file final.tsv (TSV, C-alpha atoms)
chain	number	residue	atom	x	y	z
A	67	MET	CA	11.30	-30.85	-7.35
A	68	LEU	CA	7.92	-32.45	-6.69
A	69	ALA	CA	7.40	-30.31	-3.57
A	70	THR	CA	8.31	-27.13	-5.47
A	71	THR	CA	5.80	-27.93	-8.20
A	72	PHE	CA	3.12	-28.75	-5.65
A	73	PHE	CA	3.58	-25.48	-3.77
A	74	PHE	CA	3.72	-23.52	-7.03
A	75	TYR	CA	0.32	-24.83	-8.11
A	76	LEU	CA	-1.04	-24.43	-4.58
A	77	PHE	CA	0.01	-20.78	-4.29
A	78	SER	CA	-1.11	-20.05	-7.85
A	79	ILE	CA	-4.58	-21.55	-7.44
A	80	ILE	CA	-5.18	-19.78	-4.11
A	81	ALA	CA	-3.87	-16.47	-5.50
A	82	ILE	CA	-6.12	-16.63	-8.58
A	83	ALA	CA	-9.15	-17.68	-6.52
A	84	SER	CA	-8.62	-14.92	-3.95
A	85	ALA	CA	-8.09	-12.36	-6.72
A	86	MET	CA	-11.41	-13.36	-8.27
A	87	LEU	CA	-13.10	-13.11	-4.87
A	88	VAL	CA	-11.69	-9.59	-4.39
A	89	ILE	CA	-13.71	-8.28	-7.33
A	90	THR	CA	-16.81	-10.42	-6.82
A	91	MET	CA	-17.43	-9.91	-3.10
A	92	LYS	CA	-20.25	-7.52	-2.22
A	93	ASN	CA	-18.80	-6.65	1.18
A	94	PRO	CA	-15.71	-4.43	0.75
A	95	VAL	CA	-14.21	-5.63	4.03
A	96	HIS	CA	-14.24	-9.21	2.73
A	97	SER	CA	-12.65	-7.98	-0.50
A	98	VAL	CA	-9.75	-6.44	1.42
A	99	LEU	CA	-9.25	-9.64	3.43
A	100	PHE	CA	-9.10	-11.70	0.23
A	101	LEU	CA	-6.65	-9.11	-1.15
A	102	ILE	CA	-4.37	-9.78	1.82
A	103	LEU	CA	-4.63	-13.52	1.13
A	104	CYS	CA	-3.70	-12.90	-2.51
A	105	PHE	CA	-0.65	-10.89	-1.42
A	106	PHE	CA	0.55	-13.68	0.85
A	107	ASN	CA	0.29	-16.27	-1.93
A	108	ALA	CA	2.07	-13.95	-4.36
A	109	ALA	CA	4.85	-13.64	-1.76
A	110	GLY	CA	5.03	-17.43	-1.65
A	111	LEU	CA	5.48	-17.49	-5.44
A	112	PHE	CA	8.30	-14.95	-5.11
A	113	VAL	CA	10.01	-17.19	-2.55
A	114	LEU	CA	9.77	-20.15	-4.92
A	115	SER	CA	11.32	-18.01	-7.67
A	116	GLY	CA	14.30	-17.14	-5.47
A	117	ALA	CA	13.28	-13.52	-4.86
A	118	GLU	CA	13.07	-13.53	-1.08
A	119	PHE	CA	13.56	-9.77	-0.80
A	120	LEU	CA	10.61	-9.03	-3.07
A	121	ALA	CA	8.48	-11.47	-1.07
A	122	MET	CA	9.40	-9.73	2.17
A	123	ILE	CA	8.69	-6.28	0.68
A	124	LEU	CA	5.33	-7.50	-0.62
A	125	VAL	CA	4.29	-8.72	2.82
A	126	VAL	CA	5.70	-5.80	4.81
A	127	VAL	CA	4.61	-2.95	2.51
A	128	TYR	CA	1.43	-4.15	0.85
A	129	VAL	CA	-0.02	-6.37	3.56
A	130	GLY	CA	1.28	-4.38	6.49
A	131	ALA	CA	0.46	-0.92	5.16
A	132	VAL	CA	-1.62	-0.70	2.00
A	133	ALA	CA	-4.15	-3.46	2.63
A	134	VAL	CA	-4.59	-2.52	6.30
A	135	LEU	CA	-5.02	1.12	5.25
A	136	PHE	CA	-7.71	0.07	2.74
A	137	LEU	CA	-9.43	-1.92	5.47
A	138	PHE	CA	-9.46	0.95	7.96
A	139	VAL	CA	-10.57	3.47	5.32
A	140	VAL	CA	-13.44	1.23	4.20
A	141	MET	CA	-14.53	0.57	7.79
A	142	MET	CA	-14.24	4.18	8.95
A	143	LEU	CA	-15.80	6.00	5.99
A	144	ASP	CA	-19.00	3.94	6.06
A	145	VAL	CA	-19.63	4.51	2.36
A	146	ASP	CA	-23.13	3.86	1.04
A	147	PHE	CA	-22.31	1.35	-1.71
A	148	THR	CA	-25.91	1.01	-2.85
A	149	GLU	CA	-25.83	4.67	-3.85
A	150	LEU	CA	-22.55	4.15	-5.69
A	151	ARG	CA	-23.91	1.16	-7.60
A	152	SER	CA	-27.00	3.09	-8.69
A	153	GLY	CA	-25.03	5.05	-11.33
A	154	MET	CA	-22.99	2.10	-12.53
A	155	LEU	CA	-25.06	1.62	-15.69
A	156	ASN	CA	-23.98	5.05	-16.94
A	157	TYR	CA	-20.33	3.92	-17.01
A	158	LEU	CA	-21.03	0.44	-18.36
A	159	PRO	CA	-20.13	1.20	-22.04
A	160	VAL	CA	-16.77	2.76	-21.13
A	161	GLY	CA	-16.03	-0.03	-18.65
A	162	GLY	CA	-16.96	-2.65	-21.26
A	163	ILE	CA	-14.56	-1.14	-23.82
A	164	ILE	CA	-11.71	-1.00	-21.29
A	165	GLY	CA	-12.44	-4.60	-20.20
A	166	LEU	CA	-12.43	-5.76	-23.85
A	167	ILE	CA	-9.08	-4.05	-24.49
A	168	LEU	CA	-7.66	-5.70	-21.37
A	169	LEU	CA	-8.97	-9.11	-22.46
A	170	VAL	CA	-7.37	-8.73	-25.91
A	171	GLU	CA	-4.05	-7.77	-24.32
A	172	LEU	CA	-4.16	-10.78	-21.98
A	173	VAL	CA	-4.95	-13.15	-24.86
A	174	LEU	CA	-2.13	-11.71	-26.97
A	175	MET	CA	0.29	-12.02	-24.06
A	176	LEU	CA	-0.65	-15.63	-23.31
A	177	THR	CA	-0.52	-16.72	-26.96
A	178	THR	CA	2.74	-14.98	-27.97
A	179	TRP	CA	4.85	-15.28	-24.80
A	180	SER	CA	6.56	-18.61	-24.23
A	181	LEU	CA	9.38	-19.91	-22.07
A	182	PRO	CA	11.08	-23.14	-23.20
A	183	VAL	CA	10.85	-25.98	-20.72
A	184	GLY	CA	13.96	-26.28	-18.60
A	185	GLN	CA	15.19	-22.74	-19.27
A	186	THR	CA	15.64	-20.83	-16.04
A	187	VAL	CA	16.76	-17.28	-15.52
A	188	PRO	CA	19.43	-16.98	-12.81
A	189	ALA	CA	18.20	-14.95	-9.86
A	190	SER	CA	21.57	-13.27	-9.35
A	191	PRO	CA	24.83	-13.56	-11.32
A	192	ASP	CA	28.14	-14.69	-9.88
A	193	ALA	CA	26.52	-16.43	-6.90
A	194	VAL	CA	25.57	-13.10	-5.30
A	195	GLN	CA	22.60	-13.14	-2.98
A	196	ASN	CA	19.31	-11.85	-4.35
A	197	THR	CA	19.07	-8.86	-2.01
A	198	ARG	CA	22.69	-7.82	-2.62
A	199	ALA	CA	22.30	-8.11	-6.41
A	200	LEU	CA	19.12	-6.02	-6.32
A	201	GLY	CA	20.86	-3.37	-4.21
A	202	LEU	CA	23.88	-3.27	-6.51
A	203	VAL	CA	21.68	-2.71	-9.55
A	204	LEU	CA	19.37	-0.25	-7.80
A	205	TYR	CA	22.12	1.96	-6.35
A	206	THR	CA	24.48	1.91	-9.35
A	207	LYS	CA	22.68	1.61	-12.67
A	208	TYR	CA	19.31	3.03	-11.61
A	209	VAL	CA	20.41	5.34	-8.80
A	210	TYR	CA	19.10	8.51	-10.49
A	211	PHE	CA	15.70	6.96	-11.16
A	212	PHE	CA	15.59	5.71	-7.57
A	213	GLN	CA	16.40	9.16	-6.18
A	214	THR	CA	13.87	10.78	-8.51
A	215	ALA	CA	11.14	8.39	-7.34
A	216	GLY	CA	12.01	9.18	-3.71
A	217	LEU	CA	11.88	12.92	-4.41
A	218	ILE	CA	8.48	12.59	-6.09
A	219	LEU	CA	7.13	10.64	-3.11
A	220	LEU	CA	8.53	13.26	-0.71
A	221	VAL	CA	6.87	16.10	-2.65
A	222	ALA	CA	3.59	14.15	-2.75
A	223	MET	CA	3.73	13.58	1.02
A	224	ILE	CA	4.42	17.26	1.73
A	225	GLY	CA	1.63	18.29	-0.66
A	226	ALA	CA	-0.85	15.98	1.04
A	227	ILE	CA	0.06	17.41	4.45
A	228	VAL	CA	-0.25	21.00	3.18
A	229	LEU	CA	-3.62	20.32	1.53
A	230	THR	CA	-5.13	18.67	4.58
A	231	LEU	CA	-3.71	21.07	7.21
A	232	ARG	CA	-6.27	23.81	7.76
A	233	HIS	CA	-5.88	26.48	10.44
A	234	ARG	CA	-9.37	26.96	11.82
A	235	THR	CA	-10.28	29.82	14.08
A	236	GLY	CA	-11.46	29.28	17.63
A	237	ILE	CA	-9.22	26.24	18.24
A	238	LYS	CA	-6.37	26.33	20.74
A	239	ARG	CA	-3.05	25.32	19.23
A	240	GLN	CA	0.27	24.56	20.82
A	241	ASN	CA	2.97	27.22	20.41
A	242	VAL	CA	6.27	25.52	21.16
A	243	ALA	CA	8.35	28.72	20.92
A	244	ALA	CA	6.14	30.50	23.45
A	245	GLN	CA	6.32	27.52	25.83
A	246	VAL	CA	10.10	27.34	25.64
A	247	ALA	CA	10.47	31.10	26.15
A	248	ARG	CA	8.41	31.13	29.34
A	249	GLY	CA	10.16	32.19	32.51
A	250	PRO	CA	9.21	32.48	36.19
A	251	ALA	CA	7.63	35.88	35.60
A	252	THR	CA	5.16	34.54	33.04
A	253	ALA	CA	4.74	31.01	34.36
A	254	VAL	CA	3.99	31.77	38.00
A	255	GLU	CA	1.40	34.20	39.35
A	256	VAL	CA	1.51	34.95	43.07
A	257	LYS	CA	-1.77	35.98	44.71
A	258	GLN	CA	-2.37	37.18	48.21
A	259	VAL	CA	-5.27	35.22	49.71
A	260	GLN	CA	-7.02	36.70	52.70
A	261	SER	CA	-7.68	34.47	55.69
A	262	GLY	CA	-11.02	32.72	55.43
A	263	GLN	CA	-11.53	33.72	51.75
A	264	GLY	CA	-10.95	31.82	48.60
A	265	LEU	CA	-9.78	32.92	45.20
A	266	GLN	CA	-12.40	34.82	43.25
call {"tool": "encode", "arguments": {"input": "final.tsv", "output": "structure tokens"}}
result
Amino acid sequence: MLATTFFFYLFSIIAIASAMLVITMKNPVHSVLFLILCFFNAAGLFVLSGAEFLAMILVVVYVGAVAVLFLFVVMMLDVDFTELRSGMLNYLPVGGIIGLILLVELVLMLTTWSLPVGQTVPASPDAVQNTRALGLVLYTKYVYFFQTAGLILLVAMIGAIVLTLRHRTGIKRQNVAAQVARGPATAVEVKQVQSGQGLQ
């Protein structure tokens, strides 16, 4: 019990500190690296809570895909952040109002929500493993919502491909049907070369 409490506070402190460093760092690459650190500590908190599957998904999906994608996009785009910060004062009133609303919501949540000491929520009923219980709920009770979310993601992926695929003129493209349909008559050209002369 003492080790669990120690690791809980360790992961929590590192996660909060890295989350603060994400928004305070001036270098966006450093911000993404601290975001990855925050994800790892959040995964550790999931493991302590008995949600090993969510911890694995957090590491594989967010650290392995989203955070690395952010890092590559930030490094490849070479955005001029000084130019972006120059117009920040114009959005300061709107940002201040949104930040104030968020602060009020956080204070209300922390003051009204309470969990009695010693009360624990079982990770999975009837001694079923966490991953199996999550799959049973996801593919029985929420199967239509799950399929709808997958369909929306599929449509978004196809739309992104269609929007970014532009057929420009003057660029050679591969025609698979024409390559498959080629025969000896179209693939081979026989030329008669005279002795002592090359091909013109």
call {"tool": "atom_distance", "arguments": {"input": "final.tsv", "atom1": "CA of Leu169 in chain A", "atom2": "CA of Ile89 in chain A"}}
result
15.9 Å
call {"tool": "closest_residue", "arguments": {"input": "final.tsv", "among": "A:Asn241, A:Thr197, A:Asn93, A:Ser152", "to": "Leu120 in chain A", "atoms": "only C-alpha atoms"}}
result
A:Thr197
call {"tool": "closest_residue", "arguments": {"input": "final.tsv", "among": "A:Gly116, A:Thr71, A:Ile80, A:Met91", "to": "Cys104 in chain A", "atoms": "only C-alpha atoms"}}
result
A:Ile80
call {"tool": "atom_distance", "arguments": {"input": "final.tsv", "atom1": "CA of Val129 in chain A", "atom2": "CA of Ile102 in chain A"}}
result
5.8 Å
call {"tool": "axis_aligned_box", "arguments": {"input": "final.tsv", "around": "range 95-112 of chain A", "padding_each_side": "6 Å", "output": "lines of an AutoDock Vina configuration file"}}
result
center_x = -3.0
center_y = -11.6
center_z = -0.7
size_x = 34.5
size_y = 23.9
size_z = 21.5
call {"tool": "residues_around", "arguments": {"input": "final.tsv", "residues": "range 106-113 of chain A", "least_positions_apart": "4", "cutoff": "9 Å", "atoms": "all atoms listed in the file", "output": "PyMOL selection string"}}
result
chain A and resi 73-74+76-78+80-81+101-102+117-125+129
call {"tool": "atom_distance", "arguments": {"input": "final.tsv", "atom1": "CA of Ile227 in chain A", "atom2": "CA of Val139 in chain A"}}
result
17.6 Å
call {"tool": "closest_residue", "arguments": {"input": "final.tsv", "among": "A:Leu231, A:Met141, A:Val259, A:Ile79", "to": "Val98 in chain A", "atoms": "only C-alpha atoms"}}
result
A:Met141
call {"tool": "decode", "arguments": {"input": "final.tsv", "residues": "range 105-154 of chain A", "atoms": "N, CA and C atoms", "output": "PDB file, in the first residue's frame"}}
result
ATOM      1  N   PHE A 105       2.225  12.008 -20.985  1.00  0.00           N
ATOM      2  CA  PHE A 105       1.470  10.822 -21.384  1.00  0.00           C
ATOM      3  C   PHE A 105       1.973   9.571 -20.672  1.00  0.00           C
ATOM      4  N   PHE A 106       3.263   9.438 -20.543  1.00  0.00           N
ATOM      5  CA  PHE A 106       3.822   8.260 -19.868  1.00  0.00           C
ATOM      6  C   PHE A 106       3.398   8.216 -18.396  1.00  0.00           C
ATOM      7  N   ASN A 107       3.417   9.350 -17.732  1.00  0.00           N
ATOM      8  CA  ASN A 107       3.013   9.366 -16.323  1.00  0.00           C
ATOM      9  C   ASN A 107       1.515   9.143 -16.168  1.00  0.00           C
ATOM     10  N   ALA A 108       0.721   9.647 -17.112  1.00  0.00           N
ATOM     11  CA  ALA A 108      -0.711   9.352 -17.078  1.00  0.00           C
ATOM     12  C   ALA A 108      -0.965   7.858 -17.289  1.00  0.00           C
ATOM     13  N   ALA A 109      -0.157   7.223 -18.144  1.00  0.00           N
ATOM     14  CA  ALA A 109      -0.269   5.773 -18.321  1.00  0.00           C
ATOM     15  C   ALA A 109       0.089   5.034 -17.035  1.00  0.00           C
ATOM     16  N   GLY A 110       1.085   5.542 -16.312  1.00  0.00           N
ATOM     17  CA  GLY A 110       1.402   4.942 -15.016  1.00  0.00           C
ATOM     18  C   GLY A 110       0.254   5.056 -14.028  1.00  0.00           C
ATOM     19  N   LEU A 111      -0.457   6.175 -14.047  1.00  0.00           N
ATOM     20  CA  LEU A 111      -1.626   6.332 -13.168  1.00  0.00           C
ATOM     21  C   LEU A 111      -2.737   5.364 -13.569  1.00  0.00           C
ATOM     22  N   PHE A 112      -2.896   5.121 -14.870  1.00  0.00           N
ATOM     23  CA  PHE A 112      -3.897   4.148 -15.317  1.00  0.00           C
ATOM     24  C   PHE A 112      -3.543   2.742 -14.829  1.00  0.00           C
ATOM     25  N   VAL A 113      -2.251   2.410 -14.860  1.00  0.00           N
ATOM     26  CA  VAL A 113      -1.828   1.089 -14.377  1.00  0.00           C
ATOM     27  C   VAL A 113      -2.122   0.949 -12.897  1.00  0.00           C
ATOM     28  N   LEU A 114      -1.866   1.991 -12.124  1.00  0.00           N
ATOM     29  CA  LEU A 114      -2.170   1.934 -10.693  1.00  0.00           C
ATOM     30  C   LEU A 114      -3.662   1.804 -10.430  1.00  0.00           C
ATOM     31  N   SER A 115      -4.492   2.324 -11.345  1.00  0.00           N
ATOM     32  CA  SER A 115      -5.943   2.236 -11.171  1.00  0.00           C
ATOM     33  C   SER A 115      -6.507   0.902 -11.640  1.00  0.00           C
ATOM     34  N   GLY A 116      -5.673   0.053 -12.228  1.00  0.00           N
ATOM     35  CA  GLY A 116      -6.146  -1.241 -12.700  1.00  0.00           C
ATOM     36  C   GLY A 116      -6.628  -1.231 -14.128  1.00  0.00           C
ATOM     37  N   ALA A 117      -6.363  -0.161 -14.866  1.00  0.00           N
ATOM     38  CA  ALA A 117      -6.793  -0.056 -16.266  1.00  0.00           C
ATOM     39  C   ALA A 117      -5.570  -0.198 -17.163  1.00  0.00           C
ATOM     40  N   GLU A 118      -5.068  -1.422 -17.255  1.00  0.00           N
ATOM     41  CA  GLU A 118      -3.852  -1.658 -18.028  1.00  0.00           C
ATOM     42  C   GLU A 118      -4.070  -1.430 -19.513  1.00  0.00           C
ATOM     43  N   PHE A 119      -5.271  -1.768 -20.003  1.00  0.00           N
ATOM     44  CA  PHE A 119      -5.548  -1.598 -21.429  1.00  0.00           C
ATOM     45  C   PHE A 119      -5.532  -0.120 -21.817  1.00  0.00           C
ATOM     46  N   LEU A 120      -6.142   0.723 -20.988  1.00  0.00           N
ATOM     47  CA  LEU A 120      -6.127   2.157 -21.279  1.00  0.00           C
ATOM     48  C   LEU A 120      -4.710   2.716 -21.225  1.00  0.00           C
ATOM     49  N   ALA A 121      -3.896   2.213 -20.309  1.00  0.00           N
ATOM     50  CA  ALA A 121      -2.500   2.658 -20.244  1.00  0.00           C
ATOM     51  C   ALA A 121      -1.742   2.279 -21.506  1.00  0.00           C
ATOM     52  N   MET A 122      -1.974   1.056 -21.991  1.00  0.00           N
ATOM     53  CA  MET A 122      -1.295   0.617 -23.204  1.00  0.00           C
ATOM     54  C   MET A 122      -1.755   1.436 -24.413  1.00  0.00           C
ATOM     55  N   ILE A 123      -3.067   1.702 -24.501  1.00  0.00           N
ATOM     56  CA  ILE A 123      -3.589   2.494 -25.613  1.00  0.00           C
ATOM     57  C   ILE A 123      -3.034   3.912 -25.558  1.00  0.00           C
ATOM     58  N   LEU A 124      -2.905   4.460 -24.359  1.00  0.00           N
ATOM     59  CA  LEU A 124      -2.374   5.818 -24.219  1.00  0.00           C
ATOM     60  C   LEU A 124      -0.939   5.890 -24.725  1.00  0.00           C
ATOM     61  N   VAL A 125      -0.144   4.887 -24.391  1.00  0.00           N
ATOM     62  CA  VAL A 125       1.256   4.896 -24.829  1.00  0.00           C
ATOM     63  C   VAL A 125       1.362   4.627 -26.324  1.00  0.00           C
ATOM     64  N   VAL A 126       0.626   3.611 -26.807  1.00  0.00           N
ATOM     65  CA  VAL A 126       0.762   3.221 -28.212  1.00  0.00           C
ATOM     66  C   VAL A 126       0.194   4.288 -29.140  1.00  0.00           C
ATOM     67  N   VAL A 127      -1.010   4.784 -28.832  1.00  0.00           N
ATOM     68  CA  VAL A 127      -1.689   5.711 -29.744  1.00  0.00           C
ATOM     69  C   VAL A 127      -1.146   7.116 -29.598  1.00  0.00           C
ATOM     70  N   TYR A 128      -1.174   7.650 -28.372  1.00  0.00           N
ATOM     71  CA  TYR A 128      -0.832   9.056 -28.200  1.00  0.00           C
ATOM     72  C   TYR A 128       0.671   9.299 -28.266  1.00  0.00           C
ATOM     73  N   VAL A 129       1.439   8.472 -27.590  1.00  0.00           N
ATOM     74  CA  VAL A 129       2.893   8.670 -27.623  1.00  0.00           C
ATOM     75  C   VAL A 129       3.458   8.204 -28.956  1.00  0.00           C
ATOM     76  N   GLY A 130       3.001   7.039 -29.421  1.00  0.00           N
ATOM     77  CA  GLY A 130       3.565   6.481 -30.628  1.00  0.00           C
ATOM     78  C   GLY A 130       3.101   7.136 -31.904  1.00  0.00           C
ATOM     79  N   ALA A 131       1.962   7.813 -31.885  1.00  0.00           N
ATOM     80  CA  ALA A 131       1.436   8.388 -33.126  1.00  0.00           C
ATOM     81  C   ALA A 131       1.224   9.885 -33.016  1.00  0.00           C
ATOM     82  N   VAL A 132       0.400  10.318 -32.076  1.00  0.00           N
ATOM     83  CA  VAL A 132      -0.003  11.725 -32.029  1.00  0.00           C
ATOM     84  C   VAL A 132       1.163  12.623 -31.648  1.00  0.00           C
ATOM     85  N   ALA A 133       1.847  12.293 -30.560  1.00  0.00           N
ATOM     86  CA  ALA A 133       2.938  13.162 -30.111  1.00  0.00           C
ATOM     87  C   ALA A 133       4.094  13.181 -31.110  1.00  0.00           C
ATOM     88  N   VAL A 134       4.424  12.011 -31.681  1.00  0.00           N
ATOM     89  CA  VAL A 134       5.486  11.972 -32.684  1.00  0.00           C
ATOM     90  C   VAL A 134       5.070  12.742 -33.935  1.00  0.00           C
ATOM     91  N   LEU A 135       3.795  12.651 -34.300  1.00  0.00           N
ATOM     92  CA  LEU A 135       3.298  13.431 -35.434  1.00  0.00           C
ATOM     93  C   LEU A 135       3.418  14.929 -35.155  1.00  0.00           C
ATOM     94  N   PHE A 136       3.047  15.363 -33.953  1.00  0.00           N
ATOM     95  CA  PHE A 136       3.212  16.768 -33.579  1.00  0.00           C
ATOM     96  C   PHE A 136       4.668  17.185 -33.711  1.00  0.00           C
ATOM     97  N   LEU A 137       5.558  16.324 -33.226  1.00  0.00           N
ATOM     98  CA  LEU A 137       6.979  16.651 -33.241  1.00  0.00           C
ATOM     99  C   LEU A 137       7.490  16.808 -34.673  1.00  0.00           C
ATOM    100  N   PHE A 138       7.124  15.875 -35.546  1.00  0.00           N
ATOM    101  CA  PHE A 138       7.588  15.965 -36.929  1.00  0.00           C
ATOM    102  C   PHE A 138       6.964  17.162 -37.648  1.00  0.00           C
ATOM    103  N   VAL A 139       5.684  17.440 -37.375  1.00  0.00           N
ATOM    104  CA  VAL A 139       5.042  18.586 -38.023  1.00  0.00           C
ATOM    105  C   VAL A 139       5.696  19.886 -37.581  1.00  0.00           C
ATOM    106  N   VAL A 140       5.979  20.018 -36.278  1.00  0.00           N
ATOM    107  CA  VAL A 140       6.608  21.232 -35.773  1.00  0.00           C
ATOM    108  C   VAL A 140       8.002  21.404 -36.346  1.00  0.00           C
ATOM    109  N   MET A 141       8.753  20.290 -36.461  1.00  0.00           N
ATOM    110  CA  MET A 141      10.121  20.383 -36.957  1.00  0.00           C
ATOM    111  C   MET A 141      10.176  20.601 -38.470  1.00  0.00           C
ATOM    112  N   MET A 142       9.200  20.071 -39.208  1.00  0.00           N
ATOM    113  CA  MET A 142       9.256  20.175 -40.657  1.00  0.00           C
ATOM    114  C   MET A 142       8.653  21.466 -41.185  1.00  0.00           C
ATOM    115  N   LEU A 143       7.644  22.007 -40.504  1.00  0.00           N
ATOM    116  CA  LEU A 143       6.996  23.213 -41.016  1.00  0.00           C
ATOM    117  C   LEU A 143       7.855  24.457 -40.833  1.00  0.00           C
ATOM    118  N   ASP A 144       8.680  24.464 -39.801  1.00  0.00           N
ATOM    119  CA  ASP A 144       9.534  25.621 -39.512  1.00  0.00           C
ATOM    120  C   ASP A 144       8.700  26.902 -39.423  1.00  0.00           C
ATOM    121  N   VAL A 145       7.732  26.882 -38.506  1.00  0.00           N
ATOM    122  CA  VAL A 145       6.815  28.008 -38.348  1.00  0.00           C
ATOM    123  C   VAL A 145       7.529  29.153 -37.648  1.00  0.00           C
ATOM    124  N   ASP A 146       7.270  30.368 -38.098  1.00  0.00           N
ATOM    125  CA  ASP A 146       7.839  31.559 -37.465  1.00  0.00           C
ATOM    126  C   ASP A 146       6.944  31.942 -36.285  1.00  0.00           C
ATOM    127  N   PHE A 147       7.332  31.513 -35.076  1.00  0.00           N
ATOM    128  CA  PHE A 147       6.489  31.724 -33.901  1.00  0.00           C
ATOM    129  C   PHE A 147       6.516  33.171 -33.423  1.00  0.00           C
ATOM    130  N   THR A 148       7.544  33.914 -33.757  1.00  0.00           N
ATOM    131  CA  THR A 148       7.553  35.333 -33.385  1.00  0.00           C
ATOM    132  C   THR A 148       6.462  36.089 -34.132  1.00  0.00           C
ATOM    133  N   GLU A 149       6.225  35.698 -35.375  1.00  0.00           N
ATOM    134  CA  GLU A 149       5.142  36.335 -36.139  1.00  0.00           C
ATOM    135  C   GLU A 149       3.786  35.949 -35.590  1.00  0.00           C
ATOM    136  N   LEU A 150       3.660  34.703 -35.124  1.00  0.00           N
ATOM    137  CA  LEU A 150       2.389  34.276 -34.545  1.00  0.00           C
ATOM    138  C   LEU A 150       2.104  34.985 -33.226  1.00  0.00           C
ATOM    139  N   ARG A 151       3.142  35.209 -32.433  1.00  0.00           N
ATOM    140  CA  ARG A 151       2.939  35.862 -31.140  1.00  0.00           C
ATOM    141  C   ARG A 151       2.672  37.357 -31.285  1.00  0.00           C
ATOM    142  N   SER A 152       2.974  37.931 -32.440  1.00  0.00           N
ATOM    143  CA  SER A 152       2.789  39.369 -32.599  1.00  0.00           C
ATOM    144  C   SER A 152       1.319  39.771 -32.526  1.00  0.00           C
ATOM    145  N   GLY A 153       0.400  38.914 -32.990  1.00  0.00           N
ATOM    146  CA  GLY A 153      -1.026  39.237 -32.933  1.00  0.00           C
ATOM    147  C   GLY A 153      -1.745  38.632 -31.757  1.00  0.00           C
ATOM    148  N   MET A 154      -1.000  38.213 -30.736  1.00  0.00           N
ATOM    149  CA  MET A 154      -1.619  37.551 -29.593  1.00  0.00           C
ATOM    150  C   MET A 154      -2.433  38.519 -28.741  1.00  0.00           C
TER     151      MET A 154
END
